[in-house]
>>> print(open('data15.txt').read())   # compact mmCIF, C-alpha atoms and all ligand atoms
# COMPACT_ATOMS: atom_id res chain seq x y z
CA MET G 28 117.36 0.21 15.95
CA THR G 29 116.19 -0.25 12.36
CA PRO G 30 112.48 0.59 12.03
CA THR G 31 110.12 -1.56 9.99
CA ILE G 32 107.33 -0.03 7.93
CA THR G 33 104.49 -1.73 6.10
CA ALA G 34 103.56 -1.15 2.48
CA PHE G 35 101.22 -2.66 -0.12
CA GLU G 36 102.35 -6.03 -1.40
CA SER G 37 100.67 -5.04 -4.65
CA SER G 38 100.02 -1.32 -4.92
CA PRO G 39 97.04 -0.28 -7.05
CA ASP G 40 99.09 2.65 -8.39
CA ARG G 41 101.59 0.22 -9.95
CA GLY G 42 104.50 1.81 -8.08
CA ARG G 43 103.83 5.44 -9.00
CA GLY G 44 104.52 6.53 -5.42
CA LEU G 45 100.97 7.51 -4.52
CA ALA G 46 100.39 5.12 -1.62
CA ARG G 47 101.12 6.64 1.77
CA ASP G 48 104.14 4.51 2.60
CA MET G 49 105.94 6.74 0.07
CA ARG G 50 105.96 9.79 2.36
CA VAL G 51 107.30 7.67 5.23
CA ARG G 52 110.02 6.18 3.02
CA TRP G 53 110.89 9.71 1.84
CA ALA G 54 111.17 11.02 5.43
CA LEU G 55 113.38 8.07 6.39
CA GLU G 56 115.60 8.72 3.38
CA GLU G 57 115.85 12.44 4.21
CA ALA G 58 116.81 11.44 7.75
CA GLY G 59 119.43 8.97 6.51
CA GLN G 60 117.69 6.29 8.55
CA PRO G 61 117.84 2.76 7.08
CA TYR G 62 114.56 0.84 7.34
CA ASP G 63 112.99 -2.51 6.65
CA VAL G 64 109.74 -3.01 4.79
CA ARG G 65 107.14 -5.68 5.41
CA LEU G 66 104.75 -6.04 2.47
CA VAL G 67 101.12 -6.82 3.27
CA SER G 68 98.26 -7.96 1.08
CA PHE G 69 94.82 -6.33 1.25
CA ALA G 70 93.54 -9.43 3.04
CA ALA G 71 96.38 -9.49 5.59
CA MET G 72 95.75 -5.81 6.40
CA LYS G 73 92.35 -6.76 7.77
CA GLU G 74 93.63 -9.67 9.88
CA PRO G 75 93.94 -9.27 13.67
CA ALA G 76 97.76 -9.39 13.53
CA HIS G 77 97.92 -6.27 11.38
CA ARG G 78 95.05 -4.60 13.22
CA THR G 79 97.06 -4.68 16.43
CA LEU G 80 99.45 -2.34 14.60
CA HIS G 81 96.81 -0.36 12.73
CA PRO G 82 93.28 -0.11 14.14
CA PHE G 83 91.85 0.70 10.69
CA GLY G 84 93.59 -2.15 8.90
CA GLN G 85 95.68 0.02 6.58
CA ILE G 86 99.25 0.83 5.59
CA PRO G 87 101.62 2.40 6.48
CA THR G 88 102.63 1.35 9.97
CA TYR G 89 105.93 1.93 11.73
CA GLU G 90 107.60 -0.32 14.30
CA GLU G 91 110.72 0.65 16.18
CA GLY G 92 111.48 -1.38 19.28
CA ASP G 93 108.45 -1.05 21.57
CA LEU G 94 106.97 1.77 19.54
CA VAL G 95 104.19 1.05 17.06
CA LEU G 96 102.74 3.94 15.07
CA PHE G 97 100.10 4.32 12.40
CA GLU G 98 99.03 7.44 10.43
CA SER G 99 101.59 8.63 7.91
CA GLY G 100 101.60 12.17 9.36
CA ALA G 101 102.36 10.95 12.87
CA ILE G 102 105.09 8.69 11.52
CA VAL G 103 106.71 11.49 9.50
CA PHE G 104 106.50 13.76 12.56
CA HIS G 105 108.16 11.11 14.74
CA ILE G 106 110.98 10.68 12.21
CA ALA G 107 111.38 14.46 11.88
CA GLU G 108 111.61 14.90 15.63
CA GLY G 109 114.30 12.25 15.97
CA HIS G 110 116.60 13.38 13.15
CA PRO G 111 118.02 16.71 12.05
CA GLY G 112 116.98 18.24 8.74
CA LEU G 113 113.22 17.87 8.61
CA LEU G 114 112.18 20.46 11.21
CA PRO G 115 113.94 23.74 12.01
CA ASP G 116 115.56 24.13 15.43
CA GLU G 117 114.25 27.66 16.04
CA PRO G 118 111.00 27.16 18.01
CA ASN G 119 108.75 29.48 16.00
CA ALA G 120 110.02 28.21 12.65
CA ARG G 121 109.54 24.66 13.94
CA ALA G 122 105.95 25.42 14.97
CA ARG G 123 105.24 26.91 11.54
CA ALA G 124 106.71 23.85 9.78
CA ILE G 125 104.44 21.64 11.90
CA ALA G 126 101.49 23.86 10.95
CA TRP G 127 102.32 23.15 7.29
CA MET G 128 102.34 19.43 8.05
CA PHE G 129 98.81 19.74 9.41
CA ALA G 130 97.78 21.99 6.53
CA ALA G 131 98.94 19.38 4.03
CA LEU G 132 97.03 16.56 5.73
CA ASN G 133 94.03 18.41 7.08
CA THR G 134 93.31 21.18 4.61
CA VAL G 135 94.81 20.27 1.25
CA GLU G 136 94.67 16.46 1.18
CA PRO G 137 90.93 15.99 1.95
CA PRO G 138 89.54 17.70 -1.18
CA ILE G 139 92.25 16.12 -3.37
CA PHE G 140 91.57 12.67 -1.94
CA GLU G 141 87.78 13.11 -2.15
CA TYR G 142 88.01 14.10 -5.81
CA SER G 143 90.29 11.20 -6.62
CA LEU G 144 88.08 8.72 -4.77
CA ALA G 145 84.98 9.96 -6.59
CA THR G 146 86.61 9.46 -9.99
CA ILE G 147 87.44 5.88 -9.02
CA LEU G 148 84.41 4.76 -7.03
CA GLU G 149 81.49 6.96 -8.05
CA ARG G 150 81.80 7.05 -11.82
CA GLY G 151 78.74 4.87 -12.33
CA GLU G 152 76.45 6.81 -10.00
CA PRO G 153 73.59 8.80 -11.55
CA TRP G 154 74.66 11.92 -9.62
CA TYR G 155 78.36 11.65 -10.58
CA ALA G 156 78.26 14.32 -13.31
CA GLN G 157 76.56 16.76 -10.95
CA ARG G 158 78.90 16.13 -8.04
CA LEU G 159 82.18 16.26 -9.94
CA PRO G 160 82.27 20.06 -10.59
CA LEU G 161 81.68 20.65 -6.88
CA LEU G 162 84.62 18.43 -5.95
CA GLU G 163 86.77 20.00 -8.67
CA GLY G 164 85.91 23.46 -7.35
CA ARG G 165 87.07 22.51 -3.86
CA VAL G 166 90.40 21.22 -5.17
CA ARG G 167 90.89 24.33 -7.32
CA GLY G 168 90.10 26.60 -4.37
CA ARG G 169 92.82 25.04 -2.27
CA LEU G 170 95.33 25.03 -5.13
CA ASP G 171 94.62 28.73 -5.80
CA GLU G 172 95.24 29.58 -2.16
CA LEU G 173 98.33 27.43 -1.84
CA SER G 174 99.94 28.74 -5.02
CA ARG G 175 99.25 32.33 -3.87
CA ARG G 176 100.99 31.64 -0.56
CA LEU G 177 103.94 29.78 -2.10
CA GLY G 178 104.50 32.55 -4.66
CA ASP G 179 107.97 32.22 -6.15
CA ALA G 180 109.49 30.71 -3.02
CA ASP G 181 111.26 27.37 -3.22
CA TRP G 182 109.57 25.97 -0.11
CA LEU G 183 106.61 26.93 2.05
CA ASP G 184 108.52 28.57 4.90
CA GLY G 185 112.25 28.97 4.49
CA ALA G 186 114.25 25.77 4.17
CA PHE G 187 112.73 22.45 3.05
CA SER G 188 110.89 20.82 5.97
CA ALA G 189 108.55 17.95 6.81
CA GLY G 190 105.77 20.42 5.91
CA ASP G 191 107.04 20.49 2.32
CA LEU G 192 107.56 16.74 2.31
CA LEU G 193 103.90 16.17 3.17
CA MET G 194 102.59 18.96 0.93
CA VAL G 195 104.52 17.67 -2.09
CA SER G 196 103.32 14.13 -1.32
CA VAL G 197 99.71 15.31 -1.18
CA LEU G 198 99.95 17.40 -4.37
CA LEU G 199 101.45 14.53 -6.34
CA ARG G 200 98.05 12.90 -6.33
CA SER G 201 96.64 15.95 -8.12
CA LYS G 202 99.46 15.94 -10.62
CA ALA G 203 98.42 12.47 -11.71
CA SER G 204 94.90 13.75 -12.45
CA GLY G 205 96.17 16.78 -14.43
CA LYS G 206 94.68 19.20 -11.93
CA LEU G 207 98.00 20.99 -11.37
CA ASP G 208 98.56 21.96 -14.99
CA ASP G 209 97.14 25.46 -14.40
CA TYR G 210 99.55 26.11 -11.52
CA PRO G 211 103.12 26.51 -12.85
CA THR G 212 104.55 27.49 -9.47
CA LEU G 213 103.06 24.41 -7.82
CA CYS G 214 104.35 22.25 -10.67
CA ALA G 215 107.85 23.72 -10.13
CA TYR G 216 107.47 23.07 -6.38
CA LEU G 217 106.73 19.40 -7.12
CA VAL G 218 109.69 19.17 -9.48
CA ARG G 219 111.94 20.51 -6.69
CA GLY G 220 110.52 17.96 -4.26
CA GLU G 221 110.81 15.07 -6.69
CA ALA G 222 114.39 16.08 -7.55
CA ARG G 223 115.58 15.58 -4.00
CA PRO G 224 117.89 12.56 -3.83
CA ALA G 225 115.97 11.24 -0.80
CA TYR G 226 112.70 11.36 -2.76
CA GLN G 227 114.30 9.53 -5.66
CA ARG G 228 115.67 6.77 -3.44
CA ALA G 229 112.27 6.34 -1.78
CA PHE G 230 110.48 6.29 -5.14
CA ALA G 231 112.90 3.72 -6.54
CA ALA G 232 112.44 1.50 -3.50
CA GLN G 233 108.65 1.42 -3.71
CA LEU G 234 108.74 1.00 -7.51
CA ALA G 235 111.07 -1.96 -7.06
CA VAL G 236 108.29 -3.69 -5.10
CA PHE G 237 105.95 -3.38 -8.07
CA ASN G 238 108.63 -4.47 -10.54
CA SER G 239 109.40 -7.56 -8.48
CA GLN G 240 105.79 -8.79 -8.85
CA PRO G 241 105.23 -11.53 -11.41
CA SER G 242 103.41 -9.97 -14.38
CA PRO G 243 99.80 -11.20 -14.76
CA GLY G 244 99.20 -13.86 -17.37
N1 LIG U 301 95.24 8.63 7.24
C1 LIG U 301 95.99 7.42 6.97
C2 LIG U 301 97.47 7.74 6.80
O1 LIG U 301 97.78 8.86 6.39
O2 LIG U 301 98.31 6.89 7.10
C3 LIG U 301 95.39 6.79 5.72
C4 LIG U 301 96.05 5.47 5.39
C5 LIG U 301 95.50 4.92 4.08
O3 LIG U 301 94.59 5.46 3.45
N2 LIG U 301 96.09 3.79 3.67
C6 LIG U 301 95.68 3.17 2.44
C7 LIG U 301 95.26 1.74 2.71
O4 LIG U 301 95.87 1.04 3.49
C8 LIG U 301 96.86 3.15 1.49
S1 LIG U 301 97.36 4.78 1.05
N3 LIG U 301 94.22 1.29 2.02
C9 LIG U 301 93.74 -0.05 2.14
C10 LIG U 301 92.48 -0.15 2.90
O5 LIG U 301 92.01 0.85 3.47
O6 LIG U 301 91.94 -1.27 2.93
C11 LIG U 301 95.92 5.35 0.06
C12 LIG U 301 96.18 5.10 -1.37
C13 LIG U 301 95.91 3.87 -1.93
C14 LIG U 301 96.12 3.68 -3.28
C15 LIG U 301 96.60 4.71 -4.04
N4 LIG U 301 96.79 4.53 -5.45
O7 LIG U 301 96.76 3.39 -5.94
O8 LIG U 301 96.97 5.51 -6.18
C16 LIG U 301 96.88 5.94 -3.50
C17 LIG U 301 96.68 6.12 -2.13
>>> encode(input="data15.txt", output="structure tokens")
Amino acid sequence: MTPTITAFESSPDRGRGLARDMRVRWALEEAGQPYDVRLVSFAAMKEPAHRTLHPFGQIPTYEEGDLVLFESGAIVFHIAEGHPGLLPDEPNARARAIAWMFAALNTVEPPIFEYSLATILERGEPWYAQRLPLLEGRVRGRLDELSRRLGDADWLDGAFSAGDLLMVSVLLRSKASGKLDDYPTLCAYLVRGEARPAYQRAFAAQLAVFNSQPSPG
């Protein structure tokens, strides 16, 4: 059965792959699983019809027969469990790959997201200049630790896994803000992720949504 995911009708990132449908598209492409996309506006996301799929009125969602999922991590995990190639078969290696999925979403993404949100939403606040170094320090701390662990390895734990897929997705947000420039091994890690044919197909598909929008004015 072909799953359907939801994505922004008009993504604020102008198709740069930063919205969280991108990681779901990427996982589906890695899995070789065709999918349909339903585009939703910001208003439609808050309507009851969408909230039955997503309690918080957000994207992405995932529908496959009777199954409805929200949360990009849970969706990627579901795809990885149902298809070979995104999680190792050996039980301990599989558990470690899942740990990296959680690490990406629970340990690395929060400071990166918080920093990014502050630069967008809090710029005008009188305390912005004081708060920013604190947020920057938290991002840097995580990037220091992650780059130490990755070392010169290609991927976080052996072969490419859903852990890498989520970690690369999370780090891409920092790349956009220039925060990764001091971390050559993390930059190379992102280049490896972005070079994967599945990533490129997913990126092209979400960019095509932006390019199909009528230009303003
Ligand atoms: N924890 C959830 C998950 O991982 O699925 C978070 C989902 C989420 O934050 N969805 C966002 C959303 O629907 C889109 S991805 N926002 C609308 C709303 O809450 O009303 C976050 C996002 C949005 C925009 C950019 N960007 O333009 O760069 C990047 C990331």
>>> residues_around(input="data15.txt", residues="G:Tyr216", least_positions_apart="5", cutoff="9 Å", atoms="all atoms listed in the file", output="MDAnalysis selection string")
chainID G and resid 177 180:182 195 211 221
>>> residues_near_point(input="data15.txt", point="(104.2, 31.1, -10.8)", cutoff="8 Å", atoms="only C-alpha atoms", output="list of chain:residue names")
G:Ser174, G:Gly178, G:Asp179, G:Tyr210, G:Pro211, G:Thr212, G:Leu213
>>> residues_near_ligand(input="data15.txt", ligand="ligand LIG 301 (chain U)", cutoff="8 Å", atoms="all atoms listed in the file", output="PyMOL selection string")
chain G and resi 35+38-41+43-48+69+72-73+83-88+97-100+132+200
>>> residues_around(input="data15.txt", residues="stretch 186-190 of chain G", least_positions_apart="2", cutoff="7 Å", atoms="all atoms listed in the file", output="list of chain:residue names")
G:Ala107, G:Leu113, G:Leu114, G:Ala124, G:Ile125, G:Trp127, G:Met128, G:Trp182, G:Asp184, G:Leu192, G:Leu193, G:Met194
>>> atom_distance(input="data15.txt", atom1="atom CA of G:Ile102", atom2="atom CA of G:Trp53")
11.3 Å
>>> closest_residue(input="data15.txt", among="G:Thr146, G:Thr29, G:Ser196, G:Ser204", to="G:Gly59", atoms="all atoms listed in the file")
G:Thr29
>>> atom_distance(input="data15.txt", atom1="atom CA of G:Met28", atom2="atom CA of G:Gln60")
9.6 Å
>>> closest_residue(input="data15.txt", among="G:Arg167, G:Arg121, G:Arg223, G:His81", to="G:Ala54", atoms="only C-alpha atoms")
G:Arg223
>>> atom_distance(input="data15.txt", atom1="atom CA of G:Gly164", atom2="atom CA of G:Pro138")
9.2 Å
